>>> print(open('model-v5.txt').read())   # compact mmCIF, C-alpha atoms
# COMPACT_ATOMS: atom_id res chain seq x y z
CA CYS A 1 53.61 46.80 -3.55
CA ASN A 2 52.77 43.54 -5.33
CA ASN A 3 48.99 43.24 -5.91
CA ILE A 4 49.03 39.43 -6.14
CA ILE A 5 50.51 39.27 -2.64
CA GLN A 6 47.79 41.51 -1.22
CA GLU A 7 45.10 39.61 -3.10
CA ALA A 8 46.39 36.21 -1.94
CA CYS A 9 46.77 37.32 1.67
CA ASN A 10 43.34 38.92 1.71
CA LYS A 11 41.83 35.72 0.32
CA ALA A 12 43.75 33.53 2.75
CA VAL A 13 42.72 35.52 5.81
CA LYS A 14 39.06 35.76 4.73
CA SER A 15 38.77 32.07 3.80
CA ASP A 16 39.98 30.87 7.20
CA SER A 17 37.21 30.73 9.80
CA GLN A 18 39.85 30.93 12.52
CA PRO A 19 42.68 32.95 10.95
CA LYS A 20 46.12 31.73 11.95
CA VAL A 21 47.86 34.58 10.15
CA THR A 22 47.04 38.26 10.00
CA PHE A 23 46.90 40.13 6.71
CA ASN A 24 49.89 42.32 7.63
CA PHE A 25 51.99 39.33 8.67
CA CYS A 26 51.15 37.51 5.43
CA VAL A 27 51.94 40.50 3.21
CA GLY A 28 55.09 41.38 5.14
CA SER A 29 56.45 37.82 5.02
CA LEU A 30 55.86 37.41 1.30
CA GLN A 31 57.23 40.86 0.43
CA LYS A 32 60.42 40.28 2.43
CA HIS A 33 61.18 37.04 0.60
CA PRO A 34 63.68 37.63 -2.25
CA LYS A 35 61.25 36.22 -4.84
CA GLY A 36 58.18 37.91 -3.36
CA GLU A 37 58.25 41.10 -5.39
CA THR A 38 58.61 39.23 -8.69
CA ALA A 39 55.65 36.90 -8.01
CA ARG A 40 52.88 37.39 -10.55
CA SER A 41 50.53 34.49 -9.76
CA TYR A 42 49.41 32.14 -7.02
CA ASP A 43 51.62 29.51 -8.61
CA ASP A 44 54.58 31.84 -7.99
CA LEU A 45 53.55 32.46 -4.37
CA ALA A 46 53.02 28.83 -3.34
CA PRO A 47 56.71 27.77 -3.33
CA ILE A 48 57.64 31.04 -1.60
CA THR A 49 55.13 30.30 1.15
CA LEU A 50 56.47 26.76 1.56
CA HIS A 51 60.02 28.10 1.74
CA ILE A 52 59.00 30.55 4.48
CA MET A 53 57.28 27.79 6.48
CA LYS A 54 60.23 25.43 6.10
CA SER A 55 62.70 28.14 7.15
CA ALA A 56 60.61 29.03 10.21
CA ALA A 57 60.41 25.37 11.26
CA LYS A 58 64.18 24.93 10.85
CA HIS A 59 64.80 28.06 12.92
CA VAL A 60 62.57 26.83 15.73
CA SER A 61 64.22 23.37 15.56
CA PHE A 62 67.60 25.04 15.96
CA ILE A 63 66.39 26.96 19.02
CA ILE A 64 64.93 23.77 20.54
CA SER A 65 68.18 21.86 20.02
CA LYS A 66 70.12 24.72 21.61
CA MET A 67 67.77 24.68 24.60
CA MET A 68 68.13 20.91 24.97
CA LYS A 69 71.90 21.29 25.19
CA THR A 70 71.58 23.64 28.15
CA LYS A 71 72.85 21.94 31.31
CA ASN A 72 70.20 23.32 33.65
CA VAL A 73 67.20 21.93 31.71
CA GLY A 74 65.11 19.72 33.98
CA ILE A 75 63.92 16.25 33.00
CA HIS A 76 60.34 17.39 32.42
CA THR A 77 61.38 20.35 30.30
CA ARG A 78 63.74 18.14 28.31
CA ALA A 79 60.93 15.64 27.68
CA GLY A 80 58.73 18.46 26.41
CA LEU A 81 61.50 19.81 24.21
CA GLU A 82 62.05 16.35 22.74
CA VAL A 83 58.38 16.19 21.78
CA CYS A 84 58.67 19.63 20.18
CA ALA A 85 61.82 18.62 18.31
CA GLN A 86 60.03 15.56 16.89
CA LEU A 87 57.08 17.66 15.73
CA TYR A 88 59.24 20.30 14.08
CA SER A 89 61.38 17.66 12.37
CA LEU A 90 58.24 16.51 10.54
CA ALA A 91 57.83 19.94 8.94
CA ASP A 92 60.48 19.26 6.28
CA SER A 93 58.78 16.11 5.00
CA ASP A 94 55.39 17.84 5.17
CA VAL A 95 56.69 20.71 3.03
CA GLN A 96 58.09 18.23 0.48
CA ARG A 97 54.73 16.40 0.36
CA ILE A 98 52.84 19.68 -0.11
CA ASN A 99 55.28 20.72 -2.83
CA GLY A 100 54.50 17.44 -4.61
CA TYR A 101 50.78 18.28 -4.47
CA LEU A 102 51.49 21.69 -5.98
CA LYS A 103 53.56 20.26 -8.81
CA ALA A 104 50.72 17.82 -9.55
CA LYS A 105 48.30 20.79 -9.43
CA ASP A 106 46.37 19.06 -6.61
CA TYR A 107 45.55 22.34 -4.90
CA PHE A 108 42.97 20.89 -2.51
CA SER A 109 45.50 18.47 -0.98
CA ALA A 110 48.14 21.19 -0.93
CA LYS A 111 45.84 23.59 0.92
CA THR A 112 44.74 20.88 3.35
CA GLY A 113 48.33 19.91 4.06
CA ALA A 114 49.49 23.49 4.36
CA SER A 115 46.72 24.50 6.75
CA GLY A 116 48.37 22.43 9.49
CA LEU A 117 51.66 24.15 8.82
CA ALA A 118 50.27 27.62 8.23
CA THR A 119 52.12 29.09 11.14
CA SER A 120 54.44 28.07 13.87
CA ARG A 121 51.49 28.76 16.16
CA SER A 122 49.76 25.52 15.16
CA LEU A 123 52.94 23.51 15.71
CA VAL A 124 53.59 25.27 19.00
CA LYS A 125 50.04 24.53 20.14
CA MET A 126 50.40 20.85 19.17
CA CYS A 127 53.81 20.72 20.78
CA SER A 128 52.53 22.30 23.95
CA MET A 129 49.56 19.93 24.21
CA ARG A 130 51.74 16.86 23.63
CA ALA A 131 54.41 18.10 26.02
CA LYS A 132 51.81 18.61 28.75
CA ARG A 133 50.37 15.15 28.10
CA GLN A 134 53.84 13.60 28.25
CA TYR A 135 54.60 15.53 31.43
CA ARG A 136 51.40 14.20 33.08
CA GLN A 137 52.29 10.65 32.01
CA LEU A 138 55.76 11.11 33.41
CA GLN A 139 54.27 12.39 36.67
CA ARG A 140 51.94 9.36 36.91
CA ARG A 141 54.83 6.95 36.32
CA THR A 142 56.90 8.72 38.97
CA THR A 143 53.98 8.63 41.41
CA ILE A 144 53.38 4.92 40.77
CA SER A 145 57.02 3.96 41.01
CA VAL A 146 57.61 6.00 44.16
CA GLY A 147 54.27 4.95 45.64
CA TRP A 148 53.06 8.23 47.08
CA GLN A 149 50.62 11.02 46.27
>>> encode(input="model-v5.txt", output="structure tokens")
Amino acid sequence: CNNIIQEACNKAVKSDSQPKVTFNFCVGSLQKHPKGETARSYDDLAPITLHIMKSAAKHVSFIISKMMKTKNVGIHTRAGLEVCAQLYSLADSDVQRINGYLKAKDYFSAKTGASGLATSRSLVKMCSMRAKRQYRQLQRRTTISVGWQ
């Protein structure tokens, strides 16, 4: 087992006051990546982590687009899925921006940028909140236009 992976994951979990990732998930994800076992420094791990986050976001985007193509998706669900698709589409540009910070050795900006992308959970939570908000707005517009309730 790669010690730098364990050290980095231990540090990441302990430094986060509200951990978004468990130690086992962190270690497992980095070890499964093809370049994970050859990583010898934090500089080696950073692009691996970004690749994992980008891949996860692309996978979720694919699932969302598949769901949106389903014929029996209601208007409210579709609106929520569209919000989610927009949020996940931003992940690619966010990863590129974070990668730029890493190349410039601006680790503070990289960490700040990555904390919002740390897991799909944060995107899902944002997506869920925005989808609910959009659903309520859609309900209000329907209520106003129909004139009842």
>>> atom_distance(input="model-v5.txt", atom1="CA of Leu45 (chain A)", atom2="CA of Asp94 (chain A)")
17.6 Å
>>> atom_distance(input="model-v5.txt", atom1="CA of Lys32 (chain A)", atom2="CA of Gly113 (chain A)")
23.7 Å
>>> residues_around(input="model-v5.txt", residues="Ser61 (chain A)", least_positions_apart="5", cutoff="10 Å", atoms="only C-alpha atoms", output="list in words")
Ser55, Ala56, Lys66, Met67, Leu81, Cys84, Ala85, Gln86, Leu87, Tyr88, Ser89 and Ala91 of chain A
>>> closest_residue(input="model-v5.txt", among="A:Ser109, A:Phe62, A:Ile98, A:Ala104", to="Ala46 (chain A)", atoms="only C-alpha atoms")
A:Ile98
>>> atom_distance(input="model-v5.txt", atom1="CA of Arg97 (chain A)", atom2="CA of Lys54 (chain A)")
12.0 Å
>>> residues_around(input="model-v5.txt", residues="region 38-42 of chain A", least_positions_apart="2", cutoff="9 Å", atoms="only C-alpha atoms", output="PyMOL selection string")
chain A and resi 2-5+8+34-36+44-46+48
>>> closest_residue(input="model-v5.txt", among="A:His59, A:Tyr101, A:Glu37, A:Thr49", to="Cys9 (chain A)", atoms="all atoms listed in the file")
A:Thr49
>>> closest_residue(input="model-v5.txt", among="A:Phe108, A:Val60, A:Lys71, A:Pro47", to="Val95 (chain A)", atoms="only C-alpha atoms")
A:Pro47
>>> closest_residue(input="model-v5.txt", among="A:Ile52, A:Val13, A:Lys105, A:Glu7", to="Ser29 (chain A)", atoms="all atoms listed in the file")
A:Ile52
